[in-house]
file protein06.cif (mmCIF, C-alpha atoms and all ligand atoms)
data_my_file
#
loop_
_atom_site.label_atom_id
_atom_site.label_comp_id
_atom_site.auth_asym_id
_atom_site.auth_seq_id
_atom_site.Cartn_x
_atom_site.Cartn_y
_atom_site.Cartn_z
CA MET A 23 -6.13 -26.76 12.54
CA LYS A 24 -7.49 -23.23 11.92
CA ARG A 25 -4.55 -21.82 13.89
CA ILE A 26 -2.06 -23.68 11.70
CA VAL A 27 -3.79 -22.54 8.49
CA PHE A 28 -3.76 -18.88 9.58
CA SER A 29 -0.20 -19.21 10.78
CA LEU A 30 1.09 -20.45 7.43
CA PHE A 31 -1.31 -18.65 5.12
CA GLN A 32 0.77 -15.53 4.44
CA PRO A 33 4.16 -17.17 3.77
CA ALA A 34 2.47 -19.96 1.77
CA THR A 35 0.63 -17.41 -0.40
CA LEU A 36 3.87 -15.54 -1.13
CA ALA A 37 5.58 -18.82 -2.04
CA LEU A 38 2.68 -19.75 -4.37
CA ILE A 39 2.87 -16.33 -6.06
CA VAL A 40 6.61 -16.86 -6.69
CA VAL A 41 6.01 -20.37 -8.10
CA PHE A 42 3.14 -19.12 -10.26
CA TRP A 43 5.14 -16.32 -11.93
CA ALA A 44 8.33 -18.40 -12.17
CA SER A 45 6.42 -20.93 -14.28
CA ALA A 46 4.10 -18.51 -16.11
CA PRO A 47 4.05 -19.12 -19.89
CA ALA A 48 5.43 -16.38 -22.16
CA SER A 49 1.98 -16.00 -23.77
CA LEU A 50 0.56 -14.89 -20.39
CA LEU A 51 3.38 -12.40 -19.79
CA ASP A 52 2.55 -10.71 -23.10
CA LYS A 53 -0.96 -9.91 -21.90
CA SER A 54 -1.07 -6.42 -20.38
CA TRP A 55 -4.00 -7.45 -18.15
CA ALA A 56 -2.15 -10.43 -16.59
CA ILE A 57 -0.69 -8.58 -13.57
CA THR A 58 -3.93 -6.61 -13.05
CA ALA A 59 -5.98 -9.83 -13.06
CA ALA A 60 -3.54 -11.54 -10.66
CA SER A 61 -3.56 -8.51 -8.31
CA ILE A 62 -7.36 -8.29 -8.24
CA ALA A 63 -7.63 -12.06 -7.68
CA THR A 64 -5.18 -11.70 -4.75
CA LEU A 65 -7.24 -8.86 -3.24
CA ALA A 66 -10.47 -10.86 -3.67
CA MET A 67 -8.94 -13.91 -1.98
CA VAL A 68 -7.76 -11.89 1.06
CA GLN A 69 -11.14 -10.14 1.19
CA ALA A 70 -12.89 -13.54 1.30
CA LEU A 71 -10.67 -14.58 4.23
CA GLU A 72 -12.25 -11.80 6.32
CA PHE A 73 -15.39 -13.96 6.48
CA ALA A 74 -13.45 -17.06 7.55
CA ASN A 75 -11.48 -15.63 10.48
CA GLU A 76 -12.55 -12.11 11.41
CA ARG A 77 -10.20 -9.94 13.46
CA HIS A 78 -12.61 -7.27 14.78
CA ALA A 79 -16.42 -7.16 14.46
CA SER A 80 -16.06 -3.36 14.28
CA TRP A 81 -14.14 -3.73 11.00
CA ARG A 82 -16.76 -5.97 9.37
CA LEU A 83 -17.35 -5.01 5.72
CA SER A 84 -20.65 -3.19 5.18
CA ALA A 85 -22.20 -2.62 1.73
CA ARG A 86 -21.07 1.03 1.85
CA GLU A 87 -17.47 0.08 2.71
CA PHE A 88 -17.43 -2.62 0.03
CA LEU A 89 -18.68 -0.23 -2.68
CA THR A 90 -16.14 2.44 -1.67
CA ASP A 91 -13.30 -0.11 -1.76
CA LEU A 92 -14.52 -1.43 -5.12
CA PHE A 93 -14.61 2.11 -6.53
CA TYR A 94 -10.96 2.63 -5.55
CA VAL A 95 -9.87 -0.76 -6.93
CA ILE A 96 -11.35 0.32 -10.29
CA VAL A 97 -9.83 3.83 -10.08
CA TYR A 98 -6.41 2.40 -9.21
CA TYR A 99 -6.17 -0.32 -11.86
CA ALA A 100 -8.03 1.56 -14.65
CA VAL A 101 -6.64 5.08 -14.14
CA ILE A 102 -3.76 5.47 -11.65
CA VAL A 103 -1.65 2.63 -13.10
CA ALA A 104 -2.14 3.98 -16.66
CA VAL A 105 -1.28 7.57 -15.64
CA GLU A 106 1.76 6.41 -13.67
CA THR A 107 2.98 4.35 -16.65
CA LYS A 108 2.59 7.30 -19.05
CA LEU A 109 3.98 10.02 -16.77
CA ALA A 110 6.72 8.16 -14.92
CA ASP A 111 7.63 4.66 -16.16
CA GLU A 112 7.75 5.41 -19.90
CA PRO A 113 9.81 8.66 -19.58
CA LEU A 114 12.16 6.85 -17.18
CA ALA A 115 12.58 3.94 -19.63
CA SER A 116 13.27 6.45 -22.46
CA ALA A 117 15.87 8.25 -20.33
CA LYS A 118 17.50 4.90 -19.52
CA HIS A 119 17.70 4.17 -23.24
CA ALA A 120 19.01 7.63 -24.18
CA LEU A 121 21.67 7.61 -21.47
CA GLY A 122 22.72 4.04 -22.25
CA ILE A 123 22.09 2.80 -18.70
CA THR A 124 22.22 -0.99 -18.51
CA THR A 125 21.91 -3.40 -15.60
CA THR A 126 22.30 -6.65 -17.52
CA TRP A 127 23.75 -8.23 -14.34
CA ALA A 128 20.20 -8.16 -12.95
CA MET A 129 19.03 -10.42 -15.79
CA HIS A 130 21.40 -13.16 -14.60
CA LEU A 131 20.32 -13.23 -10.95
CA PRO A 132 18.27 -16.19 -9.63
CA PHE A 133 14.52 -15.58 -10.03
CA VAL A 134 13.86 -15.26 -6.27
CA VAL A 135 16.64 -12.65 -5.97
CA GLN A 136 15.18 -10.70 -8.92
CA VAL A 137 11.78 -10.70 -7.18
CA ALA A 138 13.39 -9.61 -3.89
CA LEU A 139 15.15 -6.79 -5.78
CA VAL A 140 11.82 -5.56 -7.24
CA VAL A 141 10.16 -5.71 -3.81
CA PHE A 142 13.07 -3.89 -2.15
CA LEU A 143 13.38 -1.15 -4.81
CA VAL A 144 9.65 -0.37 -4.83
CA GLU A 145 9.36 -0.59 -1.06
CA PHE A 146 12.43 1.57 -0.35
CA GLY A 147 10.91 4.38 -2.45
CA GLN A 148 7.46 3.94 -0.92
CA TYR A 149 8.86 3.95 2.62
CA TRP A 150 10.55 7.35 2.16
CA MET A 151 7.63 8.83 0.21
CA HIS A 152 5.23 7.70 2.95
CA ARG A 153 7.51 9.06 5.68
CA LEU A 154 7.73 12.38 3.83
CA MET A 155 3.93 12.46 3.65
CA HIS A 156 3.71 12.23 7.45
CA ASN A 157 6.28 14.97 7.95
CA SER A 158 5.45 17.65 5.35
CA PHE A 159 2.65 19.41 3.47
CA VAL A 160 2.31 16.25 1.31
CA TRP A 161 0.25 14.99 4.28
CA TRP A 162 -2.75 16.71 2.66
CA THR A 163 -2.69 14.08 -0.10
CA HIS A 164 -2.22 11.17 2.33
CA ALA A 165 -4.63 12.19 5.13
CA PRO A 166 -7.74 10.74 3.36
CA HIS A 167 -6.17 7.26 3.65
CA HIS A 168 -5.93 7.89 7.41
CA HIS A 169 -9.56 8.90 7.62
CA ILE A 170 -10.69 5.32 6.98
CA THR A 171 -12.34 4.07 10.16
CA GLN A 172 -11.81 0.35 9.67
CA LEU A 173 -9.32 -1.88 7.87
CA ASN A 174 -10.22 -4.30 5.05
CA ALA A 175 -8.26 -6.11 2.34
CA ALA A 176 -8.56 -3.41 -0.35
CA LYS A 177 -8.28 -0.40 1.98
CA GLY A 178 -4.65 0.12 0.92
CA LEU A 179 -6.07 1.59 -2.31
CA VAL A 180 -8.50 3.96 -0.57
CA GLY A 181 -7.18 7.50 -0.58
CA ASN A 182 -6.73 10.64 -2.64
CA PRO A 183 -5.69 9.86 -6.27
CA LEU A 184 -2.68 12.20 -5.95
CA GLU A 185 -1.39 10.12 -3.04
CA LEU A 186 -1.99 6.87 -4.93
CA LEU A 187 0.02 8.30 -7.82
CA LEU A 188 2.88 9.48 -5.58
CA VAL A 189 3.27 6.16 -3.75
CA SER A 190 3.19 4.28 -7.06
CA LEU A 191 6.35 5.97 -8.30
CA SER A 192 9.34 3.66 -8.56
CA VAL A 193 12.72 3.31 -10.28
CA ILE A 194 12.00 -0.20 -11.59
CA ALA A 195 11.94 1.07 -15.20
CA LEU A 196 15.69 1.80 -14.86
CA PHE A 197 16.49 -1.87 -14.35
CA ASP A 198 16.80 -4.71 -16.86
CA LEU A 199 14.67 -7.43 -15.33
CA PRO A 200 12.54 -10.23 -16.80
CA LYS A 201 8.84 -9.40 -17.00
CA ASN A 202 7.79 -12.33 -14.81
CA ALA A 203 10.10 -11.18 -11.97
CA VAL A 204 8.64 -7.66 -12.13
CA PHE A 205 5.06 -8.98 -12.20
CA CYS A 206 5.86 -11.35 -9.35
CA GLY A 207 7.37 -8.54 -7.25
CA PHE A 208 4.27 -6.37 -7.70
CA ASN A 209 1.99 -9.32 -6.97
CA VAL A 210 3.89 -10.02 -3.73
CA LEU A 211 3.56 -6.33 -2.75
CA THR A 212 -0.19 -6.41 -3.43
CA ALA A 213 -0.57 -9.56 -1.30
CA VAL A 214 1.39 -8.17 1.67
CA SER A 215 -0.42 -4.82 1.52
CA ALA A 216 -3.78 -6.65 1.42
CA PHE A 217 -2.74 -8.81 4.41
CA ALA A 218 -1.64 -5.67 6.28
CA HIS A 219 -5.03 -4.00 5.79
CA ALA A 220 -7.21 -7.11 6.17
CA ASN A 221 -9.73 -7.75 8.93
CA VAL A 222 -8.24 -11.20 9.42
CA ARG A 223 -6.79 -12.79 12.54
CA PHE A 224 -3.53 -14.10 11.12
CA ASN A 225 -0.96 -15.72 13.34
CA PRO A 226 2.21 -15.47 11.20
CA PRO A 227 5.58 -16.99 12.11
CA ARG A 228 7.94 -14.60 13.85
CA TRP A 229 10.30 -14.35 10.86
CA TYR A 230 7.40 -13.22 8.65
CA SER A 231 6.40 -10.43 11.07
CA TYR A 232 10.03 -9.38 11.28
CA ILE A 233 10.39 -8.89 7.52
CA PHE A 234 6.89 -8.08 6.27
CA THR A 235 4.27 -5.57 7.39
CA THR A 236 1.49 -7.19 9.41
CA VAL A 237 -2.00 -5.95 10.20
CA GLU A 238 -0.85 -5.40 13.81
CA ALA A 239 1.94 -3.02 12.75
CA HIS A 240 -0.16 -1.29 10.11
CA SER A 241 -3.22 -0.84 12.33
CA LEU A 242 -0.96 0.98 14.80
CA HIS A 243 0.07 3.25 11.91
CA HIS A 244 -3.66 4.01 11.44
CA SER A 245 -4.07 5.08 15.11
CA VAL A 246 -6.43 7.94 15.97
CA GLY A 247 -3.81 10.39 17.28
CA TYR A 248 -1.74 12.03 14.51
CA ASN A 249 1.56 11.59 16.37
CA GLU A 250 0.82 7.88 16.89
CA THR A 251 0.66 7.47 13.08
CA ARG A 252 4.32 8.40 12.70
CA CYS A 253 5.66 4.86 12.85
CA ASN A 254 5.50 1.63 10.80
CA TYR A 255 5.58 3.46 7.45
CA ALA A 256 6.42 0.41 5.33
CA ASN A 257 3.68 -0.74 2.99
CA ALA A 258 5.10 -4.26 2.76
CA LEU A 259 8.68 -4.46 4.12
CA LEU A 260 8.50 -3.74 7.85
CA LEU A 261 12.23 -4.40 7.77
CA CYS A 262 12.61 -0.80 6.45
CA ASP A 263 11.06 0.54 9.68
CA ARG A 264 13.32 -1.68 11.75
CA LEU A 265 16.38 -0.46 9.79
CA PHE A 266 15.48 3.24 9.83
CA GLY A 267 14.28 3.42 13.45
CA THR A 268 10.53 3.96 12.91
CA PHE A 269 9.26 0.53 13.98
CA ARG A 270 6.84 0.47 16.90
CA GLU A 271 5.35 -2.65 18.50
CA GLY A 272 1.60 -2.87 19.07
CA GLU A 273 -1.74 -2.69 17.31
CA SER A 274 -4.91 -0.61 17.31
CA GLU A 275 -8.52 -1.58 16.69
CA CYS A 276 -9.60 2.06 16.86
CA VAL A 277 -8.46 3.77 13.63
CA GLY A 278 -9.15 7.09 11.87
CA GLN A 279 -8.04 10.73 11.95
CA GLU A 280 -9.91 13.75 13.35
CA GLU A 281 -11.66 11.61 15.96
CA ARG A 282 -12.53 8.96 13.38
CA LYS A 283 -14.26 11.20 10.87
CA ARG A 284 -15.15 9.03 7.84
CA LEU A 285 -14.85 10.94 4.56
CA SER A 286 -17.08 10.51 1.51
CA ILE A 287 -15.39 9.83 -1.85
CA ARG A 288 -15.96 13.47 -2.81
CA GLN A 289 -14.31 14.67 0.41
CA GLN A 290 -11.39 12.30 -0.19
CA PHE A 291 -10.89 13.75 -3.68
CA MET A 292 -11.15 17.36 -2.47
CA PHE A 293 -9.05 16.96 0.69
CA PRO A 294 -5.69 18.32 -0.65
CA ALA A 295 -7.50 21.54 -1.69
CA ARG A 296 -8.57 22.19 1.93
CA PRO A 297 -5.74 24.67 2.77
CA LEU A 298 -6.43 26.58 -0.45
CA ILE A 299 -10.19 26.70 0.20
CA ALA A 300 -9.55 27.86 3.78
CA MET A 301 -7.24 30.62 2.47
CA ILE A 302 -9.86 31.81 -0.05
CA LYS A 303 -12.59 31.73 2.59
CA ALA A 304 -10.53 33.72 5.11
CA LYS A 305 -11.51 37.40 5.06
CA PRO A 306 -8.60 39.67 3.99
CA GLY A 307 -9.28 42.10 6.90
CA LYS A 308 -9.23 39.23 9.38
CA SER A 309 -5.90 37.83 8.18
CA ALA A 310 -4.34 41.33 8.12
CA SER A 311 -5.23 41.94 11.76
CA ALA A 312 -4.06 38.44 12.71
CA ALA A 313 -0.69 39.11 11.09
CA SER A 314 -0.16 42.39 12.91
ZN ZN B 401 0.35 6.87 6.55
ZN ZN B 402 -2.98 1.90 5.30
#

call {"tool": "encode", "arguments": {"input": "protein06.cif", "output": "structure tokens"}}
result
Amino acid sequence: MKRIVFSLFQPATLALIVVFWASAPASLLDKSWAITAASIATLAMVQALEFANERHASWRLSAREFLTDLFYVIVYYAVIVAVETKLADEPLASAKHALGITTTWAMHLPFVVQVALVVFLVEFGQYWMHRLMHNSFVWWTHAPHHHITQLNAAKGLVGNPLELLLVSLSVIALFDLPKNAVFCGFNVLTAVSAFAHANVRFNPPRWYSYIFTTVEAHSLHHSVGYNETRCNYANALLLCDRLFGTFREGESECVGQEERKRLSIRQQFMFPARPLIAMIKAKPGKSASAAS
């Protein structure tokens, strides 16, 4: 029975999210907190599952891990989302207006297709941003996320704020789409990302693991060796990795960079400044002789 429940749980949750937003009353869609409340409820539900069917005892949530995760949930929904809306979504929507860009065809698509479009557009951008982070200096913003030493439902939000801001960027504001489809798409992405970071022994159907990121695929992405992290970049649509040649089969219980060095919140915030601090600390005489 337990096996069946944990086999169907992920696809059933996604289906329920779609049904919920498809039938959401207009009064709920007008509330700016509606998507935040639904996302936090989704995270809390996946977090609770960790106590029902644990994956690894070594990933069990301690009080310290819980408080860190909670801190980042608050930072993300209270600050990052607001900053991203002000600095990216609103200017993009204004530019769309000024340039007369319209995608009214998107308003006439079936609801499920609209949701799939939101998921694909957000995920396509995130995939390439994430891949860039692993292959350029932008790694300094993303590395704190790879310093986590265990996976839990809300760990997708643990990282440097700059990274959280960068991966939140999307072109959704350029599209004409009903509010409930956009909310539904983001809710689906939150659910899949929570599943992919959760300490839960899921047993999803093969089609689900083919399309969506699983904890197996994502734990491999969190491997200890830096080179081993350069695969399975998709936050939610593993299909992107399959299409762009970065998918790798496997999983890893042992996670964390620099030999699993756990960072404090302060260290996570300061991490991107590390190269700058190292440069300032380096003695001018020393660097001159090294260059010669
Ligand atoms: Zn990564
Ligand atoms: Zn992750």

call {"tool": "closest_atom_pairs", "arguments": {"input": "protein06.cif", "of": "chain A", "to": "ligand ZN 402 (chain B)", "cutoff": "8 Å", "atoms": "all atoms listed in the file", "output": "Markdown table"}}
result
| residue | atom | partner | partner_atom | distance |
| --- | --- | --- | --- | --- |
| A:His167 | CA | B:ZN402 | ZN | 6.5 |
| A:His168 | CA | B:ZN402 | ZN | 7.0 |
| A:Leu173 | CA | B:ZN402 | ZN | 7.8 |
| A:Lys177 | CA | B:ZN402 | ZN | 6.7 |
| A:Gly178 | CA | B:ZN402 | ZN | 5.0 |
| A:Ala218 | CA | B:ZN402 | ZN | 7.7 |
| A:His219 | CA | B:ZN402 | ZN | 6.3 |
| A:His240 | CA | B:ZN402 | ZN | 6.4 |
| A:Ser241 | CA | B:ZN402 | ZN | 7.5 |
| A:His243 | CA | B:ZN402 | ZN | 7.4 |
| A:His244 | CA | B:ZN402 | ZN | 6.5 |
| A:Asn257 | CA | B:ZN402 | ZN | 7.5 |

call {"tool": "residues_near_ligand", "arguments": {"input": "protein06.cif", "ligand": "ligand ZN 401 (chain B)", "cutoff": "10 Å", "atoms": "all atoms listed in the file", "output": "JSON, numbers by chain"}}
result
{"A": [149, 151, 152, 153, 154, 155, 156, 161, 164, 165, 166, 167, 168, 240, 243, 244, 245, 248, 251, 252, 253, 254, 255, 256, 257]}

call {"tool": "residues_around", "arguments": {"input": "protein06.cif", "residues": "Leu188 of chain A", "least_positions_apart": "3", "cutoff": "12 Å", "atoms": "all atoms listed in the file", "output": "list in words"}}
result
Ile102, Val103, Val105, Glu106, Leu109, Ala110, Val144, Gly147, Gln148, Tyr149, Trp150, Met151, His152, Leu154, Met155, Val160, Trp161, Thr163, His164, Gly181, Asn182, Pro183, Leu184, Glu185, Leu191 and Ser192 of chain A

call {"tool": "closest_residue", "arguments": {"input": "protein06.cif", "among": "A:Tyr99, A:Phe291, A:Phe73, A:Phe146", "to": "Cys262 of chain A", "atoms": "all atoms listed in the file"}}
result
A:Phe146

call {"tool": "atom_distance", "arguments": {"input": "protein06.cif", "atom1": "atom CA of Ala63 of chain A", "atom2": "atom CA of Val193 of chain A"}}
result
25.6 Å

call {"tool": "residues_around", "arguments": {"input": "protein06.cif", "residues": "Phe205 of chain A", "least_positions_apart": "4", "cutoff": "12 Å", "atoms": "all atoms listed in the file", "output": "PyMOL selection string"}}
result
chain A and resi 39-40+42-44+46+50-61+133+136-138+140-141+194+199-201+209-212

call {"tool": "write_last_selection", "arguments": {"input": "protein06.cif", "atoms": "C-alpha atoms", "output": "compact mmCIF listing (two decimals), in the frame of the given file"}}
result
# COMPACT_ATOMS: atom_id res chain seq x y z
CA ILE A 39 2.87 -16.33 -6.06
CA VAL A 40 6.61 -16.86 -6.69
CA PHE A 42 3.14 -19.12 -10.26
CA TRP A 43 5.14 -16.32 -11.93
CA ALA A 44 8.33 -18.40 -12.17
CA ALA A 46 4.10 -18.51 -16.11
CA LEU A 50 0.56 -14.89 -20.39
CA LEU A 51 3.38 -12.40 -19.79
CA ASP A 52 2.55 -10.71 -23.10
CA LYS A 53 -0.96 -9.91 -21.90
CA SER A 54 -1.07 -6.42 -20.38
CA TRP A 55 -4.00 -7.45 -18.15
CA ALA A 56 -2.15 -10.43 -16.59
CA ILE A 57 -0.69 -8.58 -13.57
CA THR A 58 -3.93 -6.61 -13.05
CA ALA A 59 -5.98 -9.83 -13.06
CA ALA A 60 -3.54 -11.54 -10.66
CA SER A 61 -3.56 -8.51 -8.31
CA PHE A 133 14.52 -15.58 -10.03
CA GLN A 136 15.18 -10.70 -8.92
CA VAL A 137 11.78 -10.70 -7.18
CA ALA A 138 13.39 -9.61 -3.89
CA VAL A 140 11.82 -5.56 -7.24
CA VAL A 141 10.16 -5.71 -3.81
CA ILE A 194 12.00 -0.20 -11.59
CA LEU A 199 14.67 -7.43 -15.33
CA PRO A 200 12.54 -10.23 -16.80
CA LYS A 201 8.84 -9.40 -17.00
CA ASN A 209 1.99 -9.32 -6.97
CA VAL A 210 3.89 -10.02 -3.73
CA LEU A 211 3.56 -6.33 -2.75
CA THR A 212 -0.19 -6.41 -3.43

call {"tool": "closest_atom_pairs", "arguments": {"input": "protein06.cif", "of": "segment 42-76 of chain A", "to": "segment 25-33 of chain A", "cutoff": "12 Å", "atoms": "all atoms listed in the file", "output": "tab-separated table"}}
result
residue	atom	partner	partner_atom	distance
A:Thr64	CA	A:Gln32	CA	11.6
A:Met67	CA	A:Phe31	CA	11.4
A:Val68	CA	A:Gln32	CA	9.9
A:Leu71	CA	A:Phe28	CA	9.7
A:Glu72	CA	A:Phe28	CA	11.5
A:Ala74	CA	A:Phe28	CA	10.1
A:Asn75	CA	A:Phe28	CA	8.4
A:Glu76	CA	A:Phe28	CA	11.2

call {"tool": "closest_residue", "arguments": {"input": "protein06.cif", "among": "A:Asn221, A:Ile287, A:Asn202, A:Ile123", "to": "Ser80 of chain A", "atoms": "all atoms listed in the file"}}
result
A:Asn221

call {"tool": "closest_residue", "arguments": {"input": "protein06.cif", "among": "A:Glu280, A:Ala258, A:Ile96, A:Ala203", "to": "Ser45 of chain A", "atoms": "all atoms listed in the file"}}
result
A:Ala203

call {"tool": "axis_aligned_box", "arguments": {"input": "protein06.cif", "around": "segment 35-53 of chain A", "padding_each_side": "5 Å", "output": "lines of an AutoDock Vina configuration file"}}
result
center_x = 3.7
center_y = -15.4
center_z = -12.1
size_x = 19.3
size_y = 21.0
size_z = 33.4

call {"tool": "residues_near_point", "arguments": {"input": "protein06.cif", "point": "(-9.8, -2.1, 17.0)", "cutoff": "10 Å", "atoms": "only C-alpha atoms", "output": "mmCIF file with C-alpha atoms, in the coordinates of the input"}}
result
data_model
loop_
_atom_site.group_PDB
_atom_site.id
_atom_site.type_symbol
_atom_site.label_atom_id
_atom_site.label_comp_id
_atom_site.auth_asym_id
_atom_site.auth_seq_id
_atom_site.Cartn_x
_atom_site.Cartn_y
_atom_site.Cartn_z
ATOM 1 C CA ARG A 77 -10.200 -9.940 13.460
ATOM 2 C CA HIS A 78 -12.610 -7.270 14.780
ATOM 3 C CA ALA A 79 -16.420 -7.160 14.460
ATOM 4 C CA SER A 80 -16.060 -3.360 14.280
ATOM 5 C CA TRP A 81 -14.140 -3.730 11.000
ATOM 6 C CA THR A 171 -12.340 4.070 10.160
ATOM 7 C CA GLN A 172 -11.810 0.350 9.670
ATOM 8 C CA LEU A 173 -9.320 -1.880 7.870
ATOM 9 C CA ASN A 221 -9.730 -7.750 8.930
ATOM 10 C CA SER A 241 -3.220 -0.840 12.330
ATOM 11 C CA LEU A 242 -0.960 0.980 14.800
ATOM 12 C CA SER A 245 -4.070 5.080 15.110
ATOM 13 C CA GLU A 273 -1.740 -2.690 17.310
ATOM 14 C CA SER A 274 -4.910 -0.610 17.310
ATOM 15 C CA GLU A 275 -8.520 -1.580 16.690
ATOM 16 C CA CYS A 276 -9.600 2.060 16.860
ATOM 17 C CA VAL A 277 -8.460 3.770 13.630
#

call {"tool": "atom_distance", "arguments": {"input": "protein06.cif", "atom1": "atom CA of Ile302 of chain A", "atom2": "atom CA of Gln279 of chain A"}}
result
24.3 Å

call {"tool": "closest_residue", "arguments": {"input": "protein06.cif", "among": "A:Trp162, A:Phe217, A:Phe93, A:Phe224", "to": "Asn174 of chain A", "atoms": "only C-alpha atoms"}}
result
A:Phe217

call {"tool": "atom_distance", "arguments": {"input": "protein06.cif", "atom1": "atom CA of Met129 of chain A", "atom2": "atom CA of Phe197 of chain A"}}
result
9.0 Å

call {"tool": "residues_around", "arguments": {"input": "protein06.cif", "residues": "His169 of chain A", "least_positions_apart": "4", "cutoff": "7 Å", "atoms": "all atoms listed in the file", "output": "mmCIF file with C-alpha atoms, in the coordinates of the input"}}
result
data_model
loop_
_atom_site.group_PDB
_atom_site.id
_atom_site.type_symbol
_atom_site.label_atom_id
_atom_site.label_comp_id
_atom_site.auth_asym_id
_atom_site.auth_seq_id
_atom_site.Cartn_x
_atom_site.Cartn_y
_atom_site.Cartn_z
ATOM 1 C CA ALA A 165 -4.630 12.190 5.130
ATOM 2 C CA GLY A 278 -9.150 7.090 11.870
ATOM 3 C CA GLN A 279 -8.040 10.730 11.950
ATOM 4 C CA ARG A 282 -12.530 8.960 13.380
ATOM 5 C CA LYS A 283 -14.260 11.200 10.870
ATOM 6 C CA ARG A 284 -15.150 9.030 7.840
ATOM 7 C CA LEU A 285 -14.850 10.940 4.560
#
